[in-house]
file my_file_10.cif (mmCIF, C-alpha atoms and all ligand atoms)
data_structure
loop_
_atom_site.label_atom_id
_atom_site.label_comp_id
_atom_site.auth_asym_id
_atom_site.auth_seq_id
_atom_site.Cartn_x
_atom_site.Cartn_y
_atom_site.Cartn_z
CA MET A 1 -7.03 47.01 -4.78
CA LEU A 2 -4.08 44.76 -3.90
CA VAL A 3 -1.78 43.98 -6.83
CA LEU A 4 1.01 41.43 -7.09
CA GLY A 5 3.97 42.63 -9.17
CA ILE A 6 6.49 40.29 -10.81
CA GLU A 7 9.76 41.49 -12.39
CA THR A 8 11.92 39.01 -14.31
CA SER A 9 13.20 40.99 -17.30
CA CYS A 10 16.93 40.48 -16.73
CA ASP A 11 19.05 39.23 -13.83
CA GLU A 12 16.90 40.10 -10.83
CA THR A 13 13.76 38.33 -9.66
CA GLY A 14 11.58 40.92 -7.93
CA ILE A 15 8.20 40.44 -6.27
CA ALA A 16 6.04 43.06 -4.57
CA LEU A 17 2.57 43.62 -3.20
CA TYR A 18 1.12 47.09 -3.72
CA ASP A 19 -2.21 48.17 -2.30
CA GLY A 20 -4.08 51.23 -3.61
CA GLU A 21 -4.98 52.38 -0.12
CA ARG A 22 -2.15 51.10 2.05
CA GLY A 23 0.71 51.57 -0.43
CA LEU A 24 3.61 49.15 -0.76
CA LEU A 25 3.06 46.23 1.64
CA SER A 26 6.18 44.16 0.90
CA HIS A 27 8.81 43.49 -1.70
CA THR A 28 11.39 40.73 -2.13
CA LEU A 29 14.32 40.46 -4.51
CA PHE A 30 16.89 37.91 -5.57
CA SER A 31 19.88 39.13 -7.56
CA GLN A 32 21.61 36.66 -9.90
CA VAL A 33 24.78 38.75 -9.97
CA ALA A 34 26.97 36.12 -8.27
CA MET A 35 25.88 33.48 -10.80
CA HIS A 36 26.59 35.64 -13.88
CA ALA A 37 29.82 37.15 -12.48
CA GLU A 38 31.66 33.93 -13.33
CA TYR A 39 30.90 34.56 -17.04
CA GLY A 40 31.55 38.33 -16.99
CA GLY A 41 27.97 39.19 -18.00
CA VAL A 42 24.37 37.98 -18.02
CA VAL A 43 23.90 34.52 -19.59
CA PRO A 44 20.27 34.69 -20.78
CA GLU A 45 19.42 31.01 -20.46
CA LEU A 46 20.86 30.78 -16.95
CA ALA A 47 18.86 33.88 -16.07
CA SER A 48 15.57 32.31 -17.23
CA ARG A 49 16.19 29.09 -15.32
CA ASP A 50 17.05 30.93 -12.13
CA HIS A 51 13.88 33.04 -12.35
CA VAL A 52 11.92 29.75 -12.47
CA ARG A 53 13.62 28.64 -9.25
CA ARG A 54 13.18 31.91 -7.35
CA VAL A 55 9.83 33.34 -8.30
CA LEU A 56 7.43 31.27 -6.16
CA PRO A 57 9.56 31.18 -2.95
CA LEU A 58 9.97 34.98 -3.25
CA LEU A 59 6.21 35.31 -3.71
CA GLN A 60 5.53 33.22 -0.60
CA GLN A 61 8.00 35.33 1.35
CA ALA A 62 6.42 38.60 0.16
CA MET A 63 2.92 37.36 1.04
CA GLY A 64 4.14 36.27 4.47
CA GLU A 65 5.79 39.62 5.14
CA ALA A 66 2.68 41.52 4.01
CA GLY A 67 0.38 39.20 5.99
CA VAL A 68 -1.92 38.63 3.03
CA SER A 69 -3.43 35.51 1.53
CA ARG A 70 -4.14 34.82 -2.12
CA ALA A 71 -7.81 35.75 -1.65
CA ASP A 72 -6.69 39.33 -0.93
CA ILE A 73 -4.91 39.72 -4.26
CA ALA A 74 -7.13 41.46 -6.82
CA GLY A 75 -4.77 41.64 -9.79
CA VAL A 76 -1.41 40.51 -11.14
CA ALA A 77 1.16 42.64 -12.97
CA TYR A 78 4.23 41.21 -14.63
CA THR A 79 7.00 42.76 -16.75
CA SER A 80 6.22 41.82 -20.34
CA GLY A 81 9.08 43.76 -22.00
CA PRO A 82 11.55 45.06 -22.93
CA GLY A 83 14.13 42.57 -21.68
CA LEU A 84 15.49 39.07 -22.26
CA MET A 85 12.85 36.94 -23.99
CA GLY A 86 13.26 33.79 -21.89
CA ALA A 87 13.43 35.73 -18.65
CA LEU A 88 10.32 37.76 -19.55
CA LEU A 89 8.43 34.58 -20.39
CA VAL A 90 8.97 33.21 -16.87
CA GLY A 91 7.30 36.23 -15.26
CA ALA A 92 4.57 36.29 -17.89
CA ALA A 93 3.81 32.57 -17.55
CA VAL A 94 3.75 32.63 -13.76
CA GLY A 95 1.81 35.90 -13.60
CA ARG A 96 -0.82 34.85 -16.11
CA SER A 97 -1.22 31.40 -14.58
CA LEU A 98 -1.67 32.74 -11.06
CA ALA A 99 -4.18 35.33 -12.27
CA TRP A 100 -6.14 32.66 -14.15
CA SER A 101 -6.21 30.26 -11.20
CA TRP A 102 -7.17 33.02 -8.76
CA GLY A 103 -9.80 34.43 -11.12
CA VAL A 104 -8.32 37.94 -11.15
CA PRO A 105 -7.19 40.20 -14.03
CA ALA A 106 -3.59 40.42 -15.17
CA VAL A 107 -1.65 43.06 -17.04
CA GLY A 108 1.76 43.15 -18.74
CA VAL A 109 3.90 46.10 -17.65
CA HIS A 110 6.52 47.98 -19.67
CA HIS A 111 9.79 47.71 -17.75
CA MET A 112 10.82 51.31 -18.49
CA GLU A 113 7.42 52.64 -17.42
CA GLY A 114 8.06 50.80 -14.16
CA HIS A 115 11.38 52.65 -13.75
CA LEU A 116 9.74 55.93 -14.77
CA LEU A 117 7.02 55.63 -12.13
CA ALA A 118 9.28 54.29 -9.34
CA PRO A 119 9.72 57.77 -7.74
CA MET A 120 5.93 57.72 -7.14
CA LEU A 121 6.58 55.20 -4.35
CA GLU A 122 8.49 57.83 -2.34
CA GLU A 123 7.08 60.18 0.28
CA THR A 124 7.08 63.23 -1.98
CA PRO A 125 6.17 61.95 -5.43
CA PRO A 126 6.50 64.23 -8.46
CA ALA A 127 3.34 65.70 -9.97
CA PHE A 128 2.77 65.48 -13.73
CA PRO A 129 4.02 66.81 -16.10
CA PHE A 130 7.77 66.26 -15.80
CA VAL A 131 10.91 65.39 -17.74
CA ALA A 132 12.24 61.90 -16.99
CA LEU A 133 15.82 60.80 -17.48
CA LEU A 134 15.78 57.00 -17.59
CA VAL A 135 19.27 55.56 -17.27
CA SER A 136 19.48 51.79 -17.02
CA GLY A 137 21.69 49.01 -18.31
CA GLY A 138 19.69 48.72 -21.53
CA HIS A 139 18.27 52.21 -22.13
CA THR A 140 19.07 55.91 -21.91
CA LEU A 141 15.94 57.95 -22.53
CA LEU A 142 14.87 61.54 -21.98
CA VAL A 143 11.09 61.56 -21.91
CA ASP A 144 8.47 64.30 -21.78
CA VAL A 145 5.91 62.81 -19.37
CA GLN A 146 2.46 64.41 -19.41
CA GLY A 147 0.74 61.59 -17.52
CA VAL A 148 0.74 57.80 -17.19
CA GLY A 149 1.22 56.44 -20.70
CA GLN A 150 1.62 59.91 -22.20
CA TYR A 151 5.24 59.77 -23.19
CA THR A 152 7.20 61.58 -25.88
CA ILE A 153 10.83 60.63 -26.28
CA LEU A 154 12.98 63.77 -26.40
CA GLY A 155 16.30 62.00 -26.76
CA GLU A 156 17.90 58.57 -26.51
CA SER A 157 21.22 56.82 -26.79
CA LEU A 158 22.35 56.11 -30.32
CA ASP A 159 24.66 53.32 -29.13
CA ASP A 160 25.52 52.13 -25.59
CA ALA A 161 23.12 52.91 -22.75
CA ALA A 162 24.62 54.84 -19.81
CA GLY A 163 24.65 51.77 -17.56
CA GLU A 164 26.10 49.64 -20.35
CA ALA A 165 28.91 52.22 -20.79
CA PHE A 166 29.62 52.02 -17.04
CA ASP A 167 29.64 48.21 -17.17
CA LYS A 168 31.82 47.91 -20.29
CA THR A 169 34.30 50.53 -19.05
CA ALA A 170 34.49 48.79 -15.68
CA LYS A 171 35.22 45.51 -17.44
CA MET A 172 38.03 47.13 -19.46
CA LEU A 173 39.54 48.41 -16.21
CA GLY A 174 39.37 44.88 -14.77
CA LEU A 175 36.63 45.70 -12.26
CA GLY A 176 34.48 42.64 -13.02
CA TYR A 177 30.74 42.36 -13.51
CA PRO A 178 28.48 44.21 -12.93
CA GLY A 179 30.99 47.01 -12.97
CA GLY A 180 28.81 50.15 -12.78
CA PRO A 181 28.57 50.40 -8.98
CA VAL A 182 32.20 49.21 -8.55
CA LEU A 183 33.47 51.86 -10.97
CA ALA A 184 31.38 54.49 -9.14
CA LYS A 185 32.93 53.40 -5.82
CA LEU A 186 36.45 53.54 -7.28
CA ALA A 187 35.77 57.01 -8.70
CA GLU A 188 35.45 58.25 -5.11
CA GLN A 189 39.22 57.64 -4.74
CA GLY A 190 39.97 59.45 -8.01
CA ARG A 191 41.48 62.93 -8.14
CA PRO A 192 39.74 65.65 -10.11
CA ASP A 193 41.65 67.57 -12.79
CA ILE A 194 44.09 64.76 -13.61
CA TYR A 195 42.19 63.70 -16.72
CA LYS A 196 39.46 65.48 -18.64
CA PHE A 197 37.36 63.26 -20.88
CA PRO A 198 35.08 64.48 -23.71
CA ARG A 199 31.36 65.14 -23.15
CA PRO A 200 29.94 63.38 -26.23
CA MET A 201 27.36 65.15 -28.40
CA THR A 202 27.08 68.19 -26.12
CA ASP A 203 28.60 70.64 -28.61
CA ARG A 204 25.69 70.28 -31.03
CA PRO A 205 21.97 70.80 -30.54
CA GLY A 206 19.67 67.91 -29.71
CA LEU A 207 18.98 65.57 -26.85
CA ASP A 208 20.42 62.26 -28.07
CA PHE A 209 23.34 60.54 -26.39
CA SER A 210 26.31 58.49 -27.52
CA PHE A 211 28.59 56.81 -24.99
CA SER A 212 30.51 54.29 -27.04
CA GLY A 213 33.26 56.78 -28.09
CA LEU A 214 33.80 57.71 -24.45
CA LYS A 215 34.30 54.06 -23.62
CA THR A 216 37.00 53.76 -26.31
CA PHE A 217 38.61 57.02 -25.14
CA THR A 218 38.79 55.56 -21.62
CA LEU A 219 40.41 52.36 -22.88
CA THR A 220 43.03 54.25 -24.92
CA THR A 221 43.83 56.51 -21.94
CA TRP A 222 44.17 53.47 -19.65
CA GLN A 223 46.42 51.61 -22.08
CA ALA A 224 48.72 54.64 -22.47
CA SER A 225 48.93 55.18 -18.68
CA ASP A 226 51.19 53.72 -15.98
CA GLN A 227 48.21 51.49 -15.01
CA SER A 228 48.72 52.09 -11.28
CA GLU A 229 45.82 51.77 -8.83
CA GLN A 230 45.71 55.55 -8.36
CA THR A 231 45.59 56.07 -12.14
CA LYS A 232 42.75 53.58 -12.39
CA ALA A 233 40.80 55.59 -9.81
CA ASP A 234 41.64 58.87 -11.58
CA ILE A 235 40.38 57.42 -14.88
CA ALA A 236 37.22 56.08 -13.22
CA TYR A 237 36.63 59.57 -11.82
CA ALA A 238 37.14 61.23 -15.22
CA PHE A 239 34.85 58.71 -16.95
CA GLN A 240 32.08 59.14 -14.39
CA GLN A 241 32.42 62.94 -14.54
CA ALA A 242 32.08 62.85 -18.32
CA VAL A 243 28.91 60.70 -18.19
CA VAL A 244 27.39 62.75 -15.36
CA GLU A 245 28.20 66.08 -17.02
CA THR A 246 26.81 64.88 -20.37
CA LEU A 247 23.57 63.70 -18.74
CA ALA A 248 23.28 66.97 -16.78
CA ILE A 249 23.79 69.12 -19.90
CA LYS A 250 21.05 67.21 -21.75
CA CYS A 251 18.66 67.33 -18.79
CA LYS A 252 19.12 71.07 -18.56
CA ARG A 253 18.41 71.40 -22.27
CA ALA A 254 15.31 69.21 -21.97
CA LEU A 255 13.93 71.28 -19.08
CA GLN A 256 14.57 74.51 -20.96
CA GLN A 257 13.12 73.14 -24.21
CA THR A 258 9.92 71.91 -22.55
CA SER A 259 9.67 74.72 -19.94
CA LEU A 260 8.96 71.99 -17.37
CA LYS A 261 10.07 72.49 -13.79
CA ARG A 262 10.29 68.90 -12.58
CA LEU A 263 12.94 66.33 -13.41
CA VAL A 264 12.68 62.63 -12.53
CA ILE A 265 15.73 60.37 -12.73
CA ALA A 266 15.29 56.62 -12.55
CA GLY A 267 16.90 53.33 -13.64
CA GLY A 268 20.06 51.72 -12.26
CA VAL A 269 22.42 54.64 -12.97
CA SER A 270 20.16 57.02 -11.02
CA ALA A 271 21.66 55.36 -7.91
CA ASN A 272 24.95 57.06 -8.84
CA LYS A 273 25.79 59.58 -6.11
CA GLY A 274 27.82 61.84 -8.41
CA LEU A 275 24.86 62.07 -10.81
CA ARG A 276 22.45 62.94 -8.00
CA VAL A 277 24.70 65.69 -6.64
CA ARG A 278 25.22 67.18 -10.11
CA LEU A 279 21.52 67.11 -11.02
CA ALA A 280 20.54 68.60 -7.67
CA ALA A 281 22.86 71.55 -8.42
CA MET A 282 21.45 71.85 -11.94
CA GLY A 283 17.88 71.79 -10.60
CA LYS A 284 18.71 74.56 -8.15
CA GLU A 285 20.21 76.67 -10.91
CA LEU A 286 17.03 76.32 -13.02
CA GLY A 287 14.55 76.50 -10.15
CA ALA A 288 13.46 72.92 -10.91
CA GLU A 289 12.67 70.08 -8.50
CA VAL A 290 14.60 66.82 -8.93
CA TYR A 291 13.04 63.48 -7.93
CA TYR A 292 14.49 59.99 -7.79
CA PRO A 293 13.63 56.63 -6.22
CA ARG A 294 15.37 55.30 -3.10
CA PRO A 295 18.54 53.42 -4.19
CA GLU A 296 16.97 49.92 -4.01
CA PHE A 297 14.20 51.04 -6.39
CA CYS A 298 16.64 52.62 -8.87
CA THR A 299 17.77 49.18 -10.00
CA ASP A 300 15.33 46.46 -11.06
CA ASN A 301 12.68 45.56 -8.50
CA GLY A 302 9.15 44.21 -8.19
CA ALA A 303 7.73 47.30 -6.44
CA MET A 304 7.83 49.49 -9.54
CA ILE A 305 6.06 46.78 -11.55
CA ALA A 306 3.37 46.27 -8.91
CA TYR A 307 2.78 50.03 -8.80
CA ALA A 308 2.66 50.58 -12.58
CA GLY A 309 0.44 47.48 -12.90
CA TYR A 310 -1.84 48.74 -10.14
CA LEU A 311 -2.41 52.01 -12.04
CA ARG A 312 -3.26 50.18 -15.26
CA LEU A 313 -5.45 47.50 -13.62
CA GLN A 314 -7.23 50.17 -11.58
CA ALA A 315 -8.01 51.99 -14.82
CA GLY A 316 -9.56 48.78 -16.17
CA GLN A 317 -6.74 47.77 -18.46
CA THR A 318 -6.24 44.00 -18.62
CA GLU A 319 -5.15 41.46 -21.16
CA GLU A 320 -6.83 38.40 -22.61
CA LEU A 321 -5.80 35.00 -21.38
CA GLY A 322 -2.65 33.96 -23.17
CA PHE A 323 0.46 36.01 -23.15
CA GLY A 324 3.29 37.34 -25.24
CA ALA A 325 6.48 39.16 -24.40
CA SER A 326 8.26 41.97 -26.18
CA PRO A 327 12.05 42.00 -26.04
CA ARG A 328 11.89 45.30 -27.98
CA TRP A 329 9.04 47.69 -27.23
CA PRO A 330 9.00 51.47 -27.86
CA ILE A 331 7.59 53.25 -24.78
CA GLU A 332 5.68 55.69 -26.99
CA GLU A 333 3.35 52.90 -28.12
CA LEU A 334 1.70 52.73 -24.67
CA PRO A 335 -1.97 53.76 -24.55
CA PRO A 336 -2.67 56.82 -22.37
CA LEU A 337 -4.83 56.41 -19.28
O1 LIG B 1 17.74 49.49 -14.18
P1 LIG B 1 18.74 48.40 -14.00
O2 LIG B 1 18.80 47.68 -12.69
O3 LIG B 1 18.60 47.30 -15.09
C1 LIG B 1 18.18 47.55 -16.39
O4 LIG B 1 16.96 47.78 -16.60
O5 LIG B 1 19.09 47.56 -17.25
O6 LIG B 1 20.16 49.08 -14.31
C2 LIG B 1 21.34 48.38 -14.16
C3 LIG B 1 22.48 49.28 -14.60
C4 LIG B 1 23.79 48.53 -14.73
O7 LIG B 1 24.38 48.90 -15.95
C5 LIG B 1 24.59 49.03 -13.54
O8 LIG B 1 25.97 49.02 -13.76
C6 LIG B 1 24.07 50.44 -13.40
O9 LIG B 1 22.69 50.32 -13.64
N1 LIG B 1 24.31 50.99 -12.05
C7 LIG B 1 25.13 52.05 -11.80
C8 LIG B 1 25.11 52.24 -10.41
N2 LIG B 1 24.27 51.31 -9.86
C9 LIG B 1 23.80 50.56 -10.89
N3 LIG B 1 25.86 52.80 -12.63
C10 LIG B 1 26.57 53.79 -12.07
N4 LIG B 1 26.61 54.06 -10.75
C11 LIG B 1 25.90 53.30 -9.88
N5 LIG B 1 25.93 53.58 -8.58
ZN ZN B 2 15.69 48.03 -15.33
#
call {"tool": "encode", "arguments": {"input": "my_file_10.cif", "output": "structure tokens"}}
result
Amino acid sequence: MLVLGIETSCDETGIALYDGERGLLSHTLFSQVAMHAEYGGVVPELASRDHVRRVLPLLQQAMGEAGVSRADIAGVAYTSGPGLMGALLVGAAVGRSLAWSWGVPAVGVHHMEGHLLAPMLEETPPAFPFVALLVSGGHTLLVDVQGVGQYTILGESLDDAAGEAFDKTAKMLGLGYPGGPVLAKLAEQGRPDIYKFPRPMTDRPGLDFSFSGLKTFTLTTWQASDQSEQTKADIAYAFQQAVVETLAIKCKRALQQTSLKRLVIAGGVSANKGLRVRLAAMGKELGAEVYYPRPEFCTDNGAMIAYAGYLRLQAGQTEELGFGASPRWPIEELPPL
């Protein structure tokens, strides 16, 4: 079964074609980063309008690269939440309309389930069950994953998501938008042991996160410093270390609490090299395997939506003609397969 996947939840238009037998055939992406950079963050209405412009040319490109025609496509999957309402509606409207005109079923995909399943597109996919750490711009979730749609949230962020903390801290340090990857790059120039930042909520039991205090701590430290370029790098290093260490401590706890031996990390922040190195060491210590998507599938993309949609369409799950979108949508409400 060949499935078209459409991702338009935020500031990236992603299209992919996933086939049950042949795997991922093609994927195309347009990032709106340059457009939003001027405003220092995502402008929702501009995002929606740009998705409208990009989605069909990207689809034509993906079909060309895969060498398929519309008659080959047996189902359509589109991100139906969580995300920006207007942006979601573009993918939903295009996805539903194409499915209707082609006479094939369509299904709305949960964006975070897409992230969660993205490592399945790699050569050595994780087997169920596993613990998933989902770290994106909008969410930080630790999930007990027993199967597709069988999710129990073990912990989540009480305020800023991990990626949001990276982005806001980067902005405070004058690193522009989107700052996460820029801050991570700058941290490579930072010296260890110059600053030590707190690891929020690690001194008490539980698996929830809070990153907003760390962000303020970083700002106060920066304001009280000599504000040299080296200091900026040292502070970036200390901030990243604090986030990485906090995530690692909670992942370790989650693995011990659930007695699971597999950890999946996904979402934009899972591209962070420091996080990958730290979690690999933690996995080794616990005798657990650690899985993550290739860097381009850590951040938003159409491939993860095509894959998650394929699984649900293949299992016979479809939606009636007509569509909605869910800017807020708890992942635990998903029906199990
Ligand atoms: O999953 P994603 O593409 O979008 C959402 O679903 O939110 O995640 C984007 C987030 C942004 O906050 C971005 O700054 C962060 O992921 N990010 C990183 C890195 N690459 C992307 N954060 C830290 N280090 C990175 N290398
Ligand atoms: Zn995402």
call {"tool": "closest_residue", "arguments": {"input": "my_file_10.cif", "among": "A:Trp100, A:Phe166, A:Phe209, A:Tyr78", "to": "ligand LIG 1 (chain B)", "atoms": "all atoms listed in the file"}}
result
A:Phe166
call {"tool": "atom_distance", "arguments": {"input": "my_file_10.cif", "atom1": "atom CA of Gly268 of chain A", "atom2": "atom CA of Leu84 of chain A"}}
result
16.8 Å
call {"tool": "residues_near_ligand", "arguments": {"input": "my_file_10.cif", "ligand": "ligand ZN 2 (chain B)", "cutoff": "9 Å", "atoms": "all atoms listed in the file", "output": "short mmCIF file (atom, residue, chain, number, x, y, z; two decimals) with C-alpha atoms, keeping the file's coordinate frame"}}
result
data_model
loop_
_atom_site.label_atom_id
_atom_site.label_comp_id
_atom_site.auth_asym_id
_atom_site.auth_seq_id
_atom_site.Cartn_x
_atom_site.Cartn_y
_atom_site.Cartn_z
CA SER A 9 13.20 40.99 -17.30
CA CYS A 10 16.93 40.48 -16.73
CA GLY A 83 14.13 42.57 -21.68
CA HIS A 111 9.79 47.71 -17.75
CA MET A 112 10.82 51.31 -18.49
CA GLY A 114 8.06 50.80 -14.16
CA HIS A 115 11.38 52.65 -13.75
CA VAL A 135 19.27 55.56 -17.27
CA SER A 136 19.48 51.79 -17.02
CA GLY A 137 21.69 49.01 -18.31
CA GLY A 138 19.69 48.72 -21.53
CA HIS A 139 18.27 52.21 -22.13
CA GLY A 267 16.90 53.33 -13.64
CA GLY A 268 20.06 51.72 -12.26
CA CYS A 298 16.64 52.62 -8.87
CA THR A 299 17.77 49.18 -10.00
CA ASP A 300 15.33 46.46 -11.06
CA ASN A 301 12.68 45.56 -8.50
#
call {"tool": "atom_distance", "arguments": {"input": "my_file_10.cif", "atom1": "atom CA of Gly287 of chain A", "atom2": "atom CA of Lys261 of chain A"}}
result
7.0 Å
call {"tool": "atom_distance", "arguments": {"input": "my_file_10.cif", "atom1": "atom CA of Gly20 of chain A", "atom2": "atom CA of Gly149 of chain A"}}
result
18.6 Å
call {"tool": "residues_around", "arguments": {"input": "my_file_10.cif", "residues": "Tyr151 of chain A", "least_positions_apart": "3", "cutoff": "10 Å", "atoms": "all atoms listed in the file", "output": "list in words"}}
result
Glu113, Val131, Ala132, Leu142, Val143, Asp144, Val145, Gln146, Gly147, Val148, Leu154, Ile331, Glu332, Glu333, Leu334, Pro335 and Pro336 of chain A
call {"tool": "residues_near_point", "arguments": {"input": "my_file_10.cif", "point": "(21.0, 57.1, -18.9)", "cutoff": "12 Å", "atoms": "all atoms listed in the file", "output": "PDB file with C-alpha atoms, in the coordinates of the input"}}
result
ATOM      1  CA  MET A 112      10.820  51.310 -18.490  1.00  0.00           C
ATOM      2  CA  HIS A 115      11.380  52.650 -13.750  1.00  0.00           C
ATOM      3  CA  ALA A 132      12.240  61.900 -16.990  1.00  0.00           C
ATOM      4  CA  LEU A 133      15.820  60.800 -17.480  1.00  0.00           C
ATOM      5  CA  LEU A 134      15.780  57.000 -17.590  1.00  0.00           C
ATOM      6  CA  VAL A 135      19.270  55.560 -17.270  1.00  0.00           C
ATOM      7  CA  SER A 136      19.480  51.790 -17.020  1.00  0.00           C
ATOM      8  CA  GLY A 137      21.690  49.010 -18.310  1.00  0.00           C
ATOM      9  CA  GLY A 138      19.690  48.720 -21.530  1.00  0.00           C
ATOM     10  CA  HIS A 139      18.270  52.210 -22.130  1.00  0.00           C
ATOM     11  CA  THR A 140      19.070  55.910 -21.910  1.00  0.00           C
ATOM     12  CA  LEU A 141      15.940  57.950 -22.530  1.00  0.00           C
ATOM     13  CA  LEU A 142      14.870  61.540 -21.980  1.00  0.00           C
ATOM     14  CA  VAL A 143      11.090  61.560 -21.910  1.00  0.00           C
ATOM     15  CA  GLY A 155      16.300  62.000 -26.760  1.00  0.00           C
ATOM     16  CA  GLU A 156      17.900  58.570 -26.510  1.00  0.00           C
ATOM     17  CA  SER A 157      21.220  56.820 -26.790  1.00  0.00           C
ATOM     18  CA  LEU A 158      22.350  56.110 -30.320  1.00  0.00           C
ATOM     19  CA  ASP A 159      24.660  53.320 -29.130  1.00  0.00           C
ATOM     20  CA  ASP A 160      25.520  52.130 -25.590  1.00  0.00           C
ATOM     21  CA  ALA A 161      23.120  52.910 -22.750  1.00  0.00           C
ATOM     22  CA  ALA A 162      24.620  54.840 -19.810  1.00  0.00           C
ATOM     23  CA  GLY A 163      24.650  51.770 -17.560  1.00  0.00           C
ATOM     24  CA  GLU A 164      26.100  49.640 -20.350  1.00  0.00           C
ATOM     25  CA  ALA A 165      28.910  52.220 -20.790  1.00  0.00           C
ATOM     26  CA  PHE A 166      29.620  52.020 -17.040  1.00  0.00           C
ATOM     27  CA  LEU A 207      18.980  65.570 -26.850  1.00  0.00           C
ATOM     28  CA  ASP A 208      20.420  62.260 -28.070  1.00  0.00           C
ATOM     29  CA  PHE A 209      23.340  60.540 -26.390  1.00  0.00           C
ATOM     30  CA  SER A 210      26.310  58.490 -27.520  1.00  0.00           C
ATOM     31  CA  PHE A 211      28.590  56.810 -24.990  1.00  0.00           C
ATOM     32  CA  VAL A 243      28.910  60.700 -18.190  1.00  0.00           C
ATOM     33  CA  VAL A 244      27.390  62.750 -15.360  1.00  0.00           C
ATOM     34  CA  GLU A 245      28.200  66.080 -17.020  1.00  0.00           C
ATOM     35  CA  THR A 246      26.810  64.880 -20.370  1.00  0.00           C
ATOM     36  CA  LEU A 247      23.570  63.700 -18.740  1.00  0.00           C
ATOM     37  CA  ALA A 248      23.280  66.970 -16.780  1.00  0.00           C
ATOM     38  CA  LYS A 250      21.050  67.210 -21.750  1.00  0.00           C
ATOM     39  CA  CYS A 251      18.660  67.330 -18.790  1.00  0.00           C
ATOM     40  CA  VAL A 264      12.680  62.630 -12.530  1.00  0.00           C
ATOM     41  CA  ILE A 265      15.730  60.370 -12.730  1.00  0.00           C
ATOM     42  CA  ALA A 266      15.290  56.620 -12.550  1.00  0.00           C
ATOM     43  CA  GLY A 267      16.900  53.330 -13.640  1.00  0.00           C
ATOM     44  CA  GLY A 268      20.060  51.720 -12.260  1.00  0.00           C
ATOM     45  CA  VAL A 269      22.420  54.640 -12.970  1.00  0.00           C
ATOM     46  CA  SER A 270      20.160  57.020 -11.020  1.00  0.00           C
ATOM     47  CA  ALA A 271      21.660  55.360  -7.910  1.00  0.00           C
ATOM     48  CA  ASN A 272      24.950  57.060  -8.840  1.00  0.00           C
ATOM     49  CA  LEU A 275      24.860  62.070 -10.810  1.00  0.00           C
ATOM     50  CA  CYS A 298      16.640  52.620  -8.870  1.00  0.00           C
TER      51      CYS A 298
END
call {"tool": "closest_residue", "arguments": {"input": "my_file_10.cif", "among": "A:Lys284, A:Arg204, A:Arg312, A:Lys168", "to": "ligand LIG 1 (chain B)", "atoms": "only C-alpha atoms and all ligand atoms"}}
result
A:Lys168
call {"tool": "closest_residue", "arguments": {"input": "my_file_10.cif", "among": "A:Ala254, A:Leu183, A:Ala34, A:Ala16", "to": "ligand LIG 1 (chain B)", "atoms": "only C-alpha atoms and all ligand atoms"}}
result
A:Leu183
call {"tool": "residues_around", "arguments": {"input": "my_file_10.cif", "residues": "Arg70 of chain A", "least_positions_apart": "5", "cutoff": "10 Å", "atoms": "only C-alpha atoms", "output": "list in words"}}
result
Leu4, Gln60, Met63, Leu98 and Trp102 of chain A
call {"tool": "closest_residue", "arguments": {"input": "my_file_10.cif", "among": "A:Gln241, A:Gln223, A:Ser48, A:Thr152", "to": "ligand LIG 1 (chain B)", "atoms": "only C-alpha atoms and all ligand atoms"}}
result
A:Gln241
call {"tool": "closest_residue", "arguments": {"input": "my_file_10.cif", "among": "A:Val43, A:Ala87, A:Ala236, A:Ala106", "to": "Gln314 of chain A", "atoms": "all atoms listed in the file"}}
result
A:Ala106
call {"tool": "residues_around", "arguments": {"input": "my_file_10.cif", "residues": "Lys171 of chain A", "least_positions_apart": "3", "cutoff": "12 Å", "atoms": "only C-alpha atoms", "output": "mmCIF file with C-alpha atoms, in the frame of the given file"}}
result
data_model
loop_
_atom_site.group_PDB
_atom_site.id
_atom_site.type_symbol
_atom_site.label_atom_id
_atom_site.label_comp_id
_atom_site.auth_asym_id
_atom_site.auth_seq_id
_atom_site.Cartn_x
_atom_site.Cartn_y
_atom_site.Cartn_z
ATOM 1 C CA ALA A 37 29.820 37.150 -12.480
ATOM 2 C CA TYR A 39 30.900 34.560 -17.040
ATOM 3 C CA GLY A 40 31.550 38.330 -16.990
ATOM 4 C CA GLY A 41 27.970 39.190 -18.000
ATOM 5 C CA GLU A 164 26.100 49.640 -20.350
ATOM 6 C CA ALA A 165 28.910 52.220 -20.790
ATOM 7 C CA PHE A 166 29.620 52.020 -17.040
ATOM 8 C CA ASP A 167 29.640 48.210 -17.170
ATOM 9 C CA LYS A 168 31.820 47.910 -20.290
ATOM 10 C CA GLY A 174 39.370 44.880 -14.770
ATOM 11 C CA LEU A 175 36.630 45.700 -12.260
ATOM 12 C CA GLY A 176 34.480 42.640 -13.020
ATOM 13 C CA TYR A 177 30.740 42.360 -13.510
ATOM 14 C CA PRO A 178 28.480 44.210 -12.930
ATOM 15 C CA GLY A 179 30.990 47.010 -12.970
ATOM 16 C CA GLY A 180 28.810 50.150 -12.780
ATOM 17 C CA PRO A 181 28.570 50.400 -8.980
ATOM 18 C CA VAL A 182 32.200 49.210 -8.550
ATOM 19 C CA LEU A 183 33.470 51.860 -10.970
ATOM 20 C CA LYS A 215 34.300 54.060 -23.620
ATOM 21 C CA THR A 218 38.790 55.560 -21.620
ATOM 22 C CA LEU A 219 40.410 52.360 -22.880
ATOM 23 C CA ALA A 236 37.220 56.080 -13.220
#
call {"tool": "closest_residue", "arguments": {"input": "my_file_10.cif", "among": "A:Tyr195, A:Tyr307, A:Trp329, A:Phe297", "to": "Leu29 of chain A", "atoms": "all atoms listed in the file"}}
result
A:Phe297
call {"tool": "residues_near_point", "arguments": {"input": "my_file_10.cif", "point": "(-3.2, 42.0, -12.0)", "cutoff": "10 Å", "atoms": "all atoms listed in the file", "output": "count of residues only"}}
result
31
